[in-house]
$ cat entry08.cif   # mmCIF, C-alpha atoms and all ligand atoms
data_coords
#
loop_
_atom_site.label_atom_id
_atom_site.label_comp_id
_atom_site.auth_asym_id
_atom_site.auth_seq_id
_atom_site.Cartn_x
_atom_site.Cartn_y
_atom_site.Cartn_z
CA MET A 1 -2.51 7.66 -0.64
CA ALA A 2 -0.72 7.85 -4.00
CA GLU A 3 0.55 11.34 -3.14
CA ASP A 4 2.65 10.15 -0.20
CA PRO A 5 6.05 9.33 -1.78
CA ASP A 6 6.75 6.87 1.02
CA TYR A 7 3.31 5.21 1.04
CA ALA A 8 3.01 5.24 4.84
CA GLU A 9 -0.61 4.04 4.80
CA ILE A 10 0.17 1.15 2.49
CA ARG A 11 3.15 0.20 4.64
CA LEU A 12 1.01 0.15 7.79
CA ALA A 13 -1.68 -1.91 6.09
CA ILE A 14 0.92 -4.43 4.86
CA GLN A 15 2.43 -4.71 8.34
CA LYS A 16 -1.05 -5.46 9.67
CA LEU A 17 -1.72 -8.07 7.02
CA CYS A 18 1.68 -9.69 7.59
CA SER A 19 1.10 -9.89 11.34
CA HIS A 20 -1.36 -12.71 10.56
CA PHE A 21 1.50 -14.68 8.99
CA PRO A 22 4.14 -14.99 11.70
CA GLY A 23 7.37 -17.00 11.74
CA GLU A 24 5.58 -20.25 12.68
CA TYR A 25 3.53 -20.04 9.48
CA TRP A 26 6.63 -19.72 7.25
CA ARG A 27 8.57 -22.35 9.20
CA ARG A 28 5.78 -24.88 8.72
CA LEU A 29 5.63 -24.21 4.96
CA ASP A 30 9.41 -24.41 4.80
CA CYS A 31 9.34 -27.90 6.36
CA GLU A 32 6.52 -29.06 4.10
CA ALA A 33 7.85 -27.30 0.96
CA ALA A 34 4.31 -25.94 0.66
CA TYR A 35 3.00 -22.85 -1.13
CA PRO A 36 1.76 -19.97 1.09
CA GLU A 37 -1.72 -20.09 -0.41
CA GLU A 38 -3.44 -18.19 2.46
CA PHE A 39 -0.85 -15.42 2.34
CA VAL A 40 -1.17 -15.02 -1.44
CA VAL A 41 -4.98 -15.02 -1.19
CA ALA A 42 -4.85 -12.36 1.54
CA LEU A 43 -2.57 -10.15 -0.58
CA THR A 44 -4.75 -10.67 -3.65
CA GLU A 45 -8.02 -9.96 -1.86
CA SER A 46 -6.60 -6.78 -0.35
CA GLY A 47 -5.73 -5.65 -3.88
CA TYR A 48 -1.97 -5.35 -3.34
CA LEU A 49 -0.98 -7.74 -6.10
CA SER A 50 -2.89 -5.66 -8.63
CA SER A 51 -1.51 -2.33 -7.52
CA LEU A 52 0.34 -1.83 -10.83
CA ILE A 53 -2.65 -2.71 -13.03
CA PRO A 54 -4.22 0.46 -14.48
CA GLU A 55 -7.53 1.48 -12.89
CA GLN A 56 -9.44 1.01 -16.14
CA TYR A 57 -8.68 -2.73 -15.89
CA GLY A 58 -9.65 -3.03 -12.24
CA GLY A 59 -6.27 -2.40 -10.60
CA ALA A 60 -5.12 0.41 -8.32
CA GLY A 61 -3.06 2.09 -11.07
CA LEU A 62 -0.23 2.91 -8.70
CA PRO A 63 3.36 3.59 -9.76
CA ILE A 64 6.18 1.13 -9.17
CA SER A 65 7.28 2.93 -5.99
CA ALA A 66 4.04 1.72 -4.38
CA ALA A 67 4.99 -1.85 -5.29
CA VAL A 68 8.44 -1.14 -3.83
CA ALA A 69 6.77 -0.15 -0.54
CA ILE A 70 4.54 -3.26 -0.57
CA LEU A 71 7.29 -5.80 -1.21
CA GLU A 72 9.75 -4.10 1.11
CA GLU A 73 7.23 -4.18 3.97
CA ILE A 74 6.37 -7.83 3.31
CA HIS A 75 10.04 -8.73 3.71
CA ARG A 76 10.62 -6.34 6.58
CA SER A 77 7.82 -8.17 8.41
CA GLY A 78 9.62 -11.51 8.04
CA CYS A 79 7.32 -12.76 5.27
CA ASN A 80 8.42 -13.73 1.75
CA GLY A 81 7.04 -12.16 -1.44
CA ALA A 82 8.67 -14.80 -3.67
CA ALA A 83 5.39 -16.71 -3.80
CA CYS A 84 3.76 -13.97 -5.83
CA HIS A 85 6.14 -11.07 -6.58
CA ALA A 86 6.42 -11.94 -10.26
CA GLN A 87 2.81 -10.91 -10.79
CA MET A 88 3.88 -7.34 -10.11
CA TYR A 89 6.90 -7.16 -12.37
CA ILE A 90 5.57 -9.27 -15.21
CA MET A 91 2.78 -6.75 -15.43
CA GLY A 92 5.16 -4.17 -16.96
CA THR A 93 5.50 -6.26 -20.12
CA LEU A 94 1.77 -6.81 -20.51
CA VAL A 95 0.74 -3.26 -19.62
CA ARG A 96 3.33 -1.58 -21.81
CA HIS A 97 3.40 -3.97 -24.77
CA GLY A 98 0.18 -6.01 -24.70
CA SER A 99 -2.55 -5.26 -27.26
CA GLU A 100 -5.78 -3.64 -26.12
CA ALA A 101 -7.54 -6.99 -26.58
CA GLN A 102 -4.95 -8.81 -24.44
CA LYS A 103 -5.17 -6.23 -21.67
CA ALA A 104 -8.99 -6.31 -21.70
CA ARG A 105 -8.94 -10.10 -21.64
CA TYR A 106 -6.39 -10.73 -18.90
CA LEU A 107 -5.90 -7.71 -16.66
CA PRO A 108 -9.40 -7.53 -15.07
CA ASP A 109 -9.22 -11.25 -14.18
CA ILE A 110 -5.75 -10.81 -12.71
CA ALA A 111 -6.86 -7.72 -10.79
CA SER A 112 -9.87 -9.52 -9.31
CA GLY A 113 -7.77 -12.55 -8.37
CA LYS A 114 -9.68 -14.86 -10.69
CA ARG A 115 -6.47 -15.72 -12.51
CA ARG A 116 -2.84 -15.56 -11.45
CA LEU A 117 0.00 -14.40 -13.68
CA GLN A 118 2.98 -15.56 -11.69
CA ALA A 119 5.13 -17.65 -14.00
CA PHE A 120 7.89 -15.99 -16.01
CA ALA A 121 9.72 -18.50 -18.22
CA ILE A 122 13.01 -17.21 -19.59
CA THR A 123 15.92 -19.32 -18.32
CA GLU A 124 16.83 -22.56 -20.08
CA PRO A 125 19.29 -25.31 -19.15
CA ALA A 126 21.74 -24.73 -21.99
CA SER A 127 21.60 -20.94 -22.25
CA GLY A 128 21.77 -19.97 -18.55
CA SER A 129 22.51 -16.27 -18.16
CA ASP A 130 22.82 -15.88 -21.94
CA THR A 131 19.18 -15.16 -22.75
CA SER A 132 19.96 -14.48 -26.40
CA SER A 133 20.86 -18.19 -26.77
CA ILE A 134 17.54 -19.68 -25.69
CA ARG A 135 16.35 -22.53 -27.88
CA THR A 136 12.68 -23.05 -27.03
CA LEU A 137 11.05 -22.66 -30.40
CA ALA A 138 7.66 -21.20 -31.34
CA THR A 139 6.84 -22.05 -34.95
CA ARG A 140 3.94 -20.35 -36.71
CA ASP A 141 1.22 -22.72 -37.93
CA GLY A 142 -1.83 -20.84 -39.25
CA ASN A 143 -3.53 -19.10 -36.35
CA HIS A 144 -1.27 -20.74 -33.82
CA TYR A 145 2.34 -21.07 -32.76
CA ILE A 146 3.61 -24.52 -31.86
CA VAL A 147 6.04 -24.44 -28.95
CA ASN A 148 8.74 -27.05 -28.30
CA GLY A 149 11.57 -26.88 -25.79
CA GLN A 150 12.38 -26.67 -22.12
CA LYS A 151 12.56 -24.00 -19.46
CA LEU A 152 14.45 -24.28 -16.20
CA TRP A 153 13.78 -22.52 -12.88
CA THR A 154 10.30 -21.42 -13.87
CA SER A 155 9.10 -20.46 -10.42
CA ARG A 156 5.44 -20.77 -9.37
CA ALA A 157 4.47 -22.58 -12.61
CA GLU A 158 2.31 -24.97 -10.58
CA HIS A 159 0.51 -22.09 -8.88
CA SER A 160 -0.14 -19.83 -11.82
CA ASP A 161 -2.97 -19.71 -14.38
CA LEU A 162 -0.94 -17.73 -16.88
CA MET A 163 2.68 -17.75 -17.95
CA LEU A 164 4.76 -15.14 -19.74
CA LEU A 165 7.00 -17.15 -22.07
CA LEU A 166 10.08 -16.07 -24.01
CA ALA A 167 10.61 -18.26 -27.08
CA ARG A 168 12.59 -18.13 -30.28
CA THR A 169 10.58 -17.35 -33.42
CA SER A 170 13.57 -17.20 -35.77
CA PRO A 171 17.05 -18.75 -35.61
CA LYS A 172 19.76 -17.03 -33.59
CA GLY A 173 21.78 -14.64 -35.74
CA SER A 174 19.22 -14.58 -38.57
CA THR A 175 18.04 -11.03 -37.81
CA GLY A 176 21.45 -9.38 -37.56
CA LYS A 177 20.74 -8.45 -33.94
CA ARG A 178 22.08 -10.45 -31.00
CA THR A 179 18.74 -10.30 -29.18
CA GLY A 180 16.57 -10.52 -32.32
CA GLY A 181 14.32 -13.43 -33.20
CA LEU A 182 12.81 -13.72 -29.71
CA SER A 183 9.12 -13.29 -28.94
CA VAL A 184 6.98 -13.08 -25.81
CA PHE A 185 3.73 -15.02 -25.43
CA ILE A 186 1.10 -15.11 -22.77
CA LEU A 187 0.12 -18.72 -22.15
CA ASP A 188 -3.02 -20.10 -20.62
CA MET A 189 -1.49 -22.75 -18.36
CA CYS A 190 -4.67 -24.80 -18.13
CA ASP A 191 -4.92 -25.16 -21.94
CA ALA A 192 -1.18 -25.75 -22.22
CA ARG A 193 -1.14 -28.43 -19.49
CA SER A 194 -3.78 -30.40 -21.31
CA GLY A 195 -1.90 -29.92 -24.59
CA GLY A 196 1.74 -30.90 -24.14
CA LEU A 197 3.11 -28.81 -21.26
CA SER A 198 4.48 -30.67 -18.26
CA ILE A 199 5.98 -29.36 -15.05
CA ARG A 200 8.53 -30.93 -12.71
CA PRO A 201 9.20 -29.29 -9.34
CA ILE A 202 12.79 -28.65 -8.23
CA ARG A 203 13.54 -28.76 -4.51
CA THR A 204 15.84 -25.91 -3.47
CA MET A 205 17.63 -24.77 -0.30
CA MET A 206 14.74 -22.42 0.46
CA ASN A 207 11.02 -22.89 -0.11
CA HIS A 208 10.66 -21.44 -3.62
CA PHE A 209 8.23 -23.61 -5.67
CA THR A 210 10.47 -23.50 -8.69
CA THR A 211 10.19 -25.97 -11.58
CA GLU A 212 11.34 -27.31 -14.90
CA VAL A 213 8.81 -26.90 -17.69
CA PHE A 214 8.72 -29.04 -20.83
CA PHE A 215 6.91 -28.01 -24.02
CA SER A 216 5.96 -30.71 -26.48
CA ASP A 217 3.99 -29.33 -29.44
CA VAL A 218 2.10 -26.91 -27.22
CA ARG A 219 -0.31 -24.88 -29.38
CA VAL A 220 -0.54 -21.20 -28.49
CA PRO A 221 -3.05 -18.96 -30.31
CA ALA A 222 -1.23 -16.35 -32.42
CA GLU A 223 -3.30 -13.66 -30.69
CA ASN A 224 -1.31 -14.46 -27.52
CA LEU A 225 1.88 -13.01 -28.99
CA VAL A 226 2.74 -9.93 -26.88
CA GLY A 227 4.13 -7.06 -28.98
CA GLU A 228 5.50 -7.83 -32.43
CA GLU A 229 7.08 -11.10 -33.43
CA GLY A 230 10.84 -10.79 -32.91
CA SER A 231 10.56 -7.89 -30.47
CA GLY A 232 10.48 -10.12 -27.40
CA PHE A 233 13.68 -8.88 -25.83
CA ARG A 234 12.54 -5.25 -26.01
CA CYS A 235 9.15 -6.22 -24.52
CA LEU A 236 10.86 -8.07 -21.71
CA LEU A 237 12.99 -5.09 -20.73
CA SER A 238 10.07 -3.30 -19.03
CA GLY A 239 9.49 -6.44 -16.99
CA ILE A 240 13.17 -7.06 -16.32
CA ASN A 241 13.91 -3.56 -15.04
CA ALA A 242 10.81 -3.70 -12.84
CA GLU A 243 11.97 -7.11 -11.60
CA ARG A 244 15.40 -5.73 -10.62
CA ILE A 245 13.81 -2.82 -8.75
CA LEU A 246 11.24 -4.94 -6.92
CA ILE A 247 13.67 -7.69 -5.94
CA ALA A 248 15.95 -4.92 -4.64
CA ALA A 249 13.03 -3.63 -2.56
CA GLU A 250 12.58 -7.10 -1.07
CA CYS A 251 16.28 -7.20 -0.20
CA ILE A 252 15.94 -3.80 1.51
CA GLY A 253 13.03 -5.23 3.52
CA ASP A 254 15.11 -8.30 4.43
CA THR A 255 18.00 -6.08 5.48
CA LYS A 256 15.73 -4.03 7.75
CA TRP A 257 14.42 -7.27 9.30
CA PHE A 258 17.99 -8.55 9.91
CA LEU A 259 19.08 -5.18 11.33
CA ALA A 260 16.14 -5.02 13.75
CA ARG A 261 16.74 -8.60 14.92
CA ALA A 262 20.49 -8.10 15.29
CA SER A 263 20.17 -4.77 17.13
CA ASN A 264 17.51 -6.07 19.52
CA TYR A 265 19.51 -9.15 20.35
CA ALA A 266 22.76 -7.20 20.72
CA ARG A 267 21.04 -4.84 23.19
CA ASP A 268 19.50 -7.67 25.25
CA ARG A 269 22.09 -10.43 25.31
CA VAL A 270 24.48 -10.02 28.22
CA VAL A 271 27.83 -11.86 28.21
CA PHE A 272 30.84 -10.88 30.34
CA ASP A 273 28.47 -8.65 32.35
CA ARG A 274 27.56 -6.35 29.50
CA PRO A 275 25.32 -6.32 26.45
CA ILE A 276 27.19 -7.86 23.52
CA GLY A 277 26.16 -4.79 21.47
CA GLN A 278 28.43 -2.65 23.65
CA ASN A 279 31.40 -4.35 22.02
CA GLN A 280 32.51 -2.52 18.90
CA GLY A 281 33.33 -5.88 17.32
CA VAL A 282 29.59 -6.61 17.48
CA GLN A 283 28.14 -3.16 16.81
CA PHE A 284 30.36 -2.08 13.90
CA PRO A 285 29.23 -4.84 11.51
CA ILE A 286 25.60 -4.00 12.32
CA ALA A 287 26.27 -0.28 11.78
CA ARG A 288 28.00 -1.03 8.47
CA ALA A 289 25.06 -3.17 7.37
CA PHE A 290 22.82 -0.20 8.13
CA VAL A 291 24.99 2.08 5.95
CA ASN A 292 24.86 -0.43 3.10
CA MET A 293 21.09 -0.69 3.40
CA ARG A 294 20.54 3.08 3.30
CA ALA A 295 22.80 3.52 0.26
CA ALA A 296 20.98 0.70 -1.55
CA GLU A 297 17.59 2.12 -0.56
CA LEU A 298 18.45 5.46 -2.16
CA MET A 299 19.43 3.70 -5.37
CA VAL A 300 16.16 1.74 -5.38
CA ARG A 301 14.28 5.05 -5.15
CA GLU A 302 16.30 6.56 -8.00
CA ALA A 303 15.71 3.51 -10.19
CA ALA A 304 11.97 3.61 -9.41
CA ARG A 305 11.85 7.33 -10.21
CA ARG A 306 13.42 6.77 -13.62
CA TYR A 307 11.19 3.77 -14.33
CA GLU A 308 8.09 5.82 -13.53
CA ALA A 309 9.29 8.67 -15.77
CA GLU A 310 9.77 6.07 -18.55
CA LEU A 311 13.45 7.04 -18.74
CA ASP A 312 16.13 4.47 -19.47
CA CYS A 313 16.73 2.89 -16.05
CA GLY A 314 18.80 -0.21 -16.88
CA THR A 315 21.89 1.10 -15.10
CA GLU A 316 20.02 2.25 -11.99
CA ALA A 317 17.83 -0.87 -11.77
CA ASN A 318 20.91 -3.09 -11.99
CA MET A 319 22.85 -1.03 -9.44
CA ALA A 320 19.86 -1.08 -7.07
CA LYS A 321 19.59 -4.85 -7.36
CA LEU A 322 23.31 -5.39 -6.79
CA LEU A 323 23.60 -3.01 -3.83
CA ALA A 324 20.44 -4.26 -2.15
CA ALA A 325 21.26 -7.96 -2.65
CA ASP A 326 24.75 -7.38 -1.25
CA ALA A 327 23.30 -5.42 1.68
CA SER A 328 20.82 -8.16 2.59
CA ASN A 329 23.36 -10.94 2.12
CA GLU A 330 25.80 -9.19 4.43
CA ALA A 331 23.12 -8.23 6.95
CA ALA A 332 21.99 -11.88 7.05
CA ASN A 333 25.53 -12.92 7.83
CA VAL A 334 25.92 -10.26 10.53
CA CYS A 335 22.56 -11.24 12.05
CA ILE A 336 23.62 -14.87 12.37
CA GLN A 337 26.98 -13.86 13.83
CA THR A 338 25.35 -11.53 16.36
CA HIS A 339 23.07 -14.32 17.54
CA GLY A 340 25.91 -16.77 18.03
CA GLY A 341 24.50 -20.31 18.25
CA PHE A 342 20.89 -19.12 18.22
CA GLY A 343 21.39 -17.75 14.70
CA PHE A 344 21.27 -21.37 13.56
CA ALA A 345 18.13 -22.34 15.46
CA ALA A 346 15.12 -22.65 13.13
CA GLU A 347 12.76 -21.06 15.65
CA TYR A 348 14.57 -17.71 15.35
CA ASP A 349 13.77 -17.55 11.58
CA ILE A 350 17.19 -16.05 10.88
CA GLU A 351 18.57 -19.10 9.13
CA ARG A 352 15.39 -19.27 6.99
CA LYS A 353 15.66 -15.62 5.99
CA PHE A 354 19.42 -16.12 5.43
CA ARG A 355 18.64 -18.93 2.95
CA GLU A 356 15.89 -16.92 1.27
CA THR A 357 17.91 -13.75 0.73
CA ARG A 358 20.99 -15.68 -0.51
CA LEU A 359 19.13 -16.40 -3.74
CA TYR A 360 19.38 -12.79 -4.85
CA GLN A 361 23.12 -13.02 -5.43
CA VAL A 362 22.24 -15.32 -8.34
CA ALA A 363 18.65 -14.70 -9.45
CA PRO A 364 17.05 -13.13 -11.34
CA VAL A 365 20.45 -11.97 -12.55
CA SER A 366 23.77 -12.82 -10.97
CA THR A 367 26.08 -10.21 -9.50
CA ASN A 368 28.73 -10.92 -12.14
CA LEU A 369 26.30 -10.31 -14.97
CA ILE A 370 25.24 -7.00 -13.41
CA LEU A 371 28.88 -5.91 -13.18
CA SER A 372 29.42 -6.94 -16.79
CA TYR A 373 26.37 -4.92 -17.83
CA LEU A 374 27.57 -1.86 -15.91
CA ALA A 375 31.10 -2.16 -17.28
CA GLU A 376 29.72 -2.11 -20.81
CA HIS A 377 26.77 0.26 -20.55
CA ALA A 378 27.83 2.73 -17.85
CA LEU A 379 31.60 2.71 -18.39
CA GLY A 380 31.97 1.98 -22.11
CA LEU A 381 34.28 -1.01 -21.55
CA PRO A 382 34.36 -3.83 -24.12
CA ARG A 383 31.47 -6.25 -23.83
CA SER A 384 32.66 -9.34 -21.95
CA TYR A 385 29.73 -11.68 -22.40
C1 LIG B 401 15.30 -20.48 -7.02
C2 LIG B 401 15.42 -19.90 -8.38
C3 LIG B 401 14.30 -19.32 -8.97
C4 LIG B 401 14.37 -18.83 -10.28
N1 LIG B 401 13.25 -18.37 -10.89
C5 LIG B 401 13.28 -18.08 -12.21
C6 LIG B 401 12.07 -17.78 -12.93
O1 LIG B 401 10.98 -17.72 -12.36
N2 LIG B 401 12.16 -17.58 -14.27
C7 LIG B 401 13.34 -17.66 -14.95
O2 LIG B 401 13.34 -17.47 -16.15
N3 LIG B 401 14.50 -17.92 -14.30
C8 LIG B 401 14.50 -18.14 -12.96
N4 LIG B 401 15.66 -18.45 -12.29
C9 LIG B 401 16.91 -18.54 -13.04
C10 LIG B 401 17.92 -17.45 -12.70
O3 LIG B 401 17.53 -16.25 -13.28
C11 LIG B 401 19.28 -17.96 -13.14
O4 LIG B 401 19.66 -19.01 -12.24
C12 LIG B 401 20.32 -16.90 -13.18
O5 LIG B 401 20.01 -15.96 -14.17
C13 LIG B 401 21.71 -17.48 -13.44
O6 LIG B 401 21.67 -18.35 -14.54
P1 LIG B 401 22.26 -19.84 -14.42
O7 LIG B 401 21.73 -20.45 -13.19
O8 LIG B 401 22.05 -20.54 -15.68
O9 LIG B 401 23.82 -19.62 -14.18
P2 LIG B 401 24.93 -19.57 -15.30
O10 LIG B 401 24.57 -18.62 -16.38
O11 LIG B 401 25.30 -20.95 -15.68
O12 LIG B 401 26.14 -18.92 -14.46
C14 LIG B 401 26.81 -19.67 -13.42
C15 LIG B 401 27.78 -18.72 -12.73
O13 LIG B 401 28.72 -18.24 -13.68
C16 LIG B 401 28.72 -16.83 -13.71
N5 LIG B 401 28.88 -16.37 -15.10
C17 LIG B 401 28.28 -16.86 -16.22
N6 LIG B 401 28.68 -16.17 -17.29
C18 LIG B 401 29.54 -15.22 -16.87
C19 LIG B 401 30.29 -14.18 -17.51
N7 LIG B 401 30.22 -13.97 -18.82
N8 LIG B 401 31.07 -13.39 -16.73
C20 LIG B 401 31.16 -13.58 -15.38
N9 LIG B 401 30.47 -14.55 -14.73
C21 LIG B 401 29.67 -15.35 -15.46
C22 LIG B 401 27.38 -16.39 -13.16
O14 LIG B 401 27.47 -15.12 -12.56
C23 LIG B 401 27.07 -17.49 -12.15
O15 LIG B 401 27.60 -17.15 -10.90
C24 LIG B 401 15.62 -18.90 -10.97
C25 LIG B 401 16.75 -19.45 -10.35
C26 LIG B 401 16.65 -19.95 -9.09
C27 LIG B 401 17.88 -20.59 -8.47
#
$ encode --input "entry08.cif" --output "structure tokens"
Amino acid sequence: MAEDPDYAEIRLAIQKLCSHFPGEYWRRLDCEAAYPEEFVVALTESGYLSSLIPEQYGGAGLPISAAVAILEEIHRSGCNGAACHAQMYIMGTLVRHGSEAQKARYLPDIASGKRRLQAFAITEPASGSDTSSIRTLATRDGNHYIVNGQKLWTSRAEHSDLMLLLARTSPKGSTGKRTGGLSVFILDMCDARSGGLSIRPIRTMMNHFTTEVFFSDVRVPAENLVGEEGSGFRCLLSGINAERILIAAECIGDTKWFLARASNYARDRVVFDRPIGQNQGVQFPIARAFVNMRAAELMVREAARRYEAELDCGTEANMAKLLAADASNEAANVCIQTHGGFGFAAEYDIERKFRETRLYQVAPVSTNLILSYLAEHALGLPRSY
């Protein structure tokens, strides 16, 4: 299975699994703002959420391109990986930077589904896109760190047993490096919730189970520090690049879903005695959306190839995320337009997918910040942020 670069067997298996979670399922959850528990359990029990965990810790030990195939197919089937995708990309930080003891303690439980690692707490109200300005503080106190502060948009915090937390362990500017003084911790949410951590859900335009998290003297054992103190930003990079690549894969899946829906409808819908898809004004936008999707898909593959080879892939991961998010956003728009009035009817699922894919223009990194990164790192222009 791992030798097939396109993971055809995995793709087929995911399509089969997703067929048990049709549009009605997602529409109901959308109305109730409820978490897709059954879907996440099905993915966990089939082993897909632990595909990136090394075999020695109970996972499938597959490369990131397998996770690309899994998340793309989930989205191509009309489902939504946002309920659990973080487990895949957070893993990069733990697998590459966690101590042997941390990996032995957490990874087998995550692989078996006993515990979920789905919360990734970076963003804060005051710092926004400027991660180097986060203020949540972890102060060393004997064998513990004491955490105080606030995180914003921490998705799935209510549905996760573990959280990967980025906190400041020394004041900004004190290390001489812009991104110095930050550290990553793995938090046991159950312990933390009974010791000063509180969570407040935020209702959003799509069903996303995102929250605000408040830390009031939360004690975290020092052994839960991932990597060295102060090296948090470097540790996060493995996770962040994986996140860009996997979100891009979801956008490719969304785009394929929109393209299939738009093409089918344009072939079938007859107005003025001919299929609407015979009009170039209808077919050209769909064809252009297809071109955009294919270009983005190639960039996702290139970014995944570099990630797997442990080469620097910041530029490619960012380009993949930008191209794929733009492709899905545009395809969503074209799909609605092709359906005319029916594009707005909830029962067609297009408006739901439109809302879901819109997020990726902003999160986990906004388009502007990607362009700023590329201007600086790929083109050598002055840093603008
Ligand atoms: C539904 C949802 C789920 C999320 N889940 C998580 C999560 O699980 N964990 C987590 O840590 N975060 C999460 N986020 C946060 C997300 O990563 C941020 O919203 C995103 O990085 C943008 O930050 P911000 O919202 O603070 O916008 P801001 O940084 O305030 O930016 C606002 C706008 O200004 C633009 N802008 C800002 N600075 C510049 C500049 N220098 N040049 C050009 N343009 C600029 C941005 O592009 C953006 O369009 C989530 C967000 C949402 C909405």
$ residues_near_ligand --input "entry08.cif" --ligand "ligand LIG 401 (chain B)" --cutoff "6 Å" --atoms "only C-alpha atoms and all ligand atoms" --output "number ranges by chain"
A: 120-123, 128-129, 153-155, 208, 210, 362-369, 385
$ residues_around --input "entry08.cif" --residues "His377 (chain A)" --least-positions-apart "6" --cutoff "10 Å" --atoms "all atoms listed in the file" --output "mmCIF file with C-alpha atoms, in the frame of the given file"
data_model
loop_
_atom_site.group_PDB
_atom_site.id
_atom_site.type_symbol
_atom_site.label_atom_id
_atom_site.label_comp_id
_atom_site.auth_asym_id
_atom_site.auth_seq_id
_atom_site.Cartn_x
_atom_site.Cartn_y
_atom_site.Cartn_z
ATOM 1 C CA GLY A 314 18.800 -0.210 -16.880
ATOM 2 C CA THR A 315 21.890 1.100 -15.100
ATOM 3 C CA LEU A 371 28.880 -5.910 -13.180
ATOM 4 C CA ARG A 383 31.470 -6.250 -23.830
#
$ residues_around --input "entry08.cif" --residues "region 137-146 of chain A" --least-positions-apart "4" --cutoff "6 Å" --atoms "all atoms listed in the file" --output "list in words"
Ala167, Arg168, Thr169, Asp217, Val218, Arg219, Val220, Pro221 and Ala222 of chain A
$ residues_around --input "entry08.cif" --residues "region 333-343 of chain A" --least-positions-apart "2" --cutoff "9 Å" --atoms "only C-alpha atoms" --output "list of chain:residue names"
A:Phe258, A:Leu259, A:Arg261, A:Ala262, A:Ser263, A:Tyr265, A:Ala266, A:Arg269, A:Ile276, A:Gly277, A:Val282, A:Gln283, A:Pro285, A:Ile286, A:Ala289, A:Ser328, A:Asn329, A:Glu330, A:Ala331, A:Ala345, A:Ala346, A:Glu347, A:Tyr348, A:Asp349, A:Ile350, A:Glu351, A:Phe354
$ closest_residue --input "entry08.cif" --among "A:Arg193, A:Arg27, A:Arg178, A:Arg135" --to "Gly78 (chain A)" --atoms "all atoms listed in the file"
A:Arg27
$ atom_distance --input "entry08.cif" --atom1 "CA of Ser133 (chain A)" --atom2 "CA of Leu152 (chain A)"
13.8 Å
$ closest_residue --input "entry08.cif" --among "A:Ala83, A:Pro63, A:Gln361, A:Gly196" --to "Asp4 (chain A)" --atoms "only C-alpha atoms"
A:Pro63
$ closest_residue --input "entry08.cif" --among "A:Ala260, A:Ala86, A:Val213, A:Leu359" --to "Ile240 (chain A)" --atoms "only C-alpha atoms"
A:Ala86
$ atom_distance --input "entry08.cif" --atom1 "CA of Ser77 (chain A)" --atom2 "CA of Gly58 (chain A)"
27.5 Å
$ atom_distance --input "entry08.cif" --atom1 "CA of Gln118 (chain A)" --atom2 "CA of Tyr89 (chain A)"
9.3 Å
$ residues_around --input "entry08.cif" --residues "region 102-106 of chain A" --least-positions-apart "6" --cutoff "9 Å" --atoms "all atoms listed in the file" --output "compact mmCIF listing (two decimals) with C-alpha atoms, keeping the file's coordinate frame"
# COMPACT_ATOMS: atom_id res chain seq x y z
CA TYR A 57 -8.68 -2.73 -15.89
CA LEU A 94 1.77 -6.81 -20.51
CA VAL A 95 0.74 -3.26 -19.62
CA ARG A 115 -6.47 -15.72 -12.51
CA ILE A 186 1.10 -15.11 -22.77
CA GLU A 223 -3.30 -13.66 -30.69
CA ASN A 224 -1.31 -14.46 -27.52
CA VAL A 226 2.74 -9.93 -26.88
$ closest_residue --input "entry08.cif" --among "A:Lys172, A:Ala295, A:Thr204, A:Met163" --to "Asp191 (chain A)" --atoms "all atoms listed in the file"
A:Met163
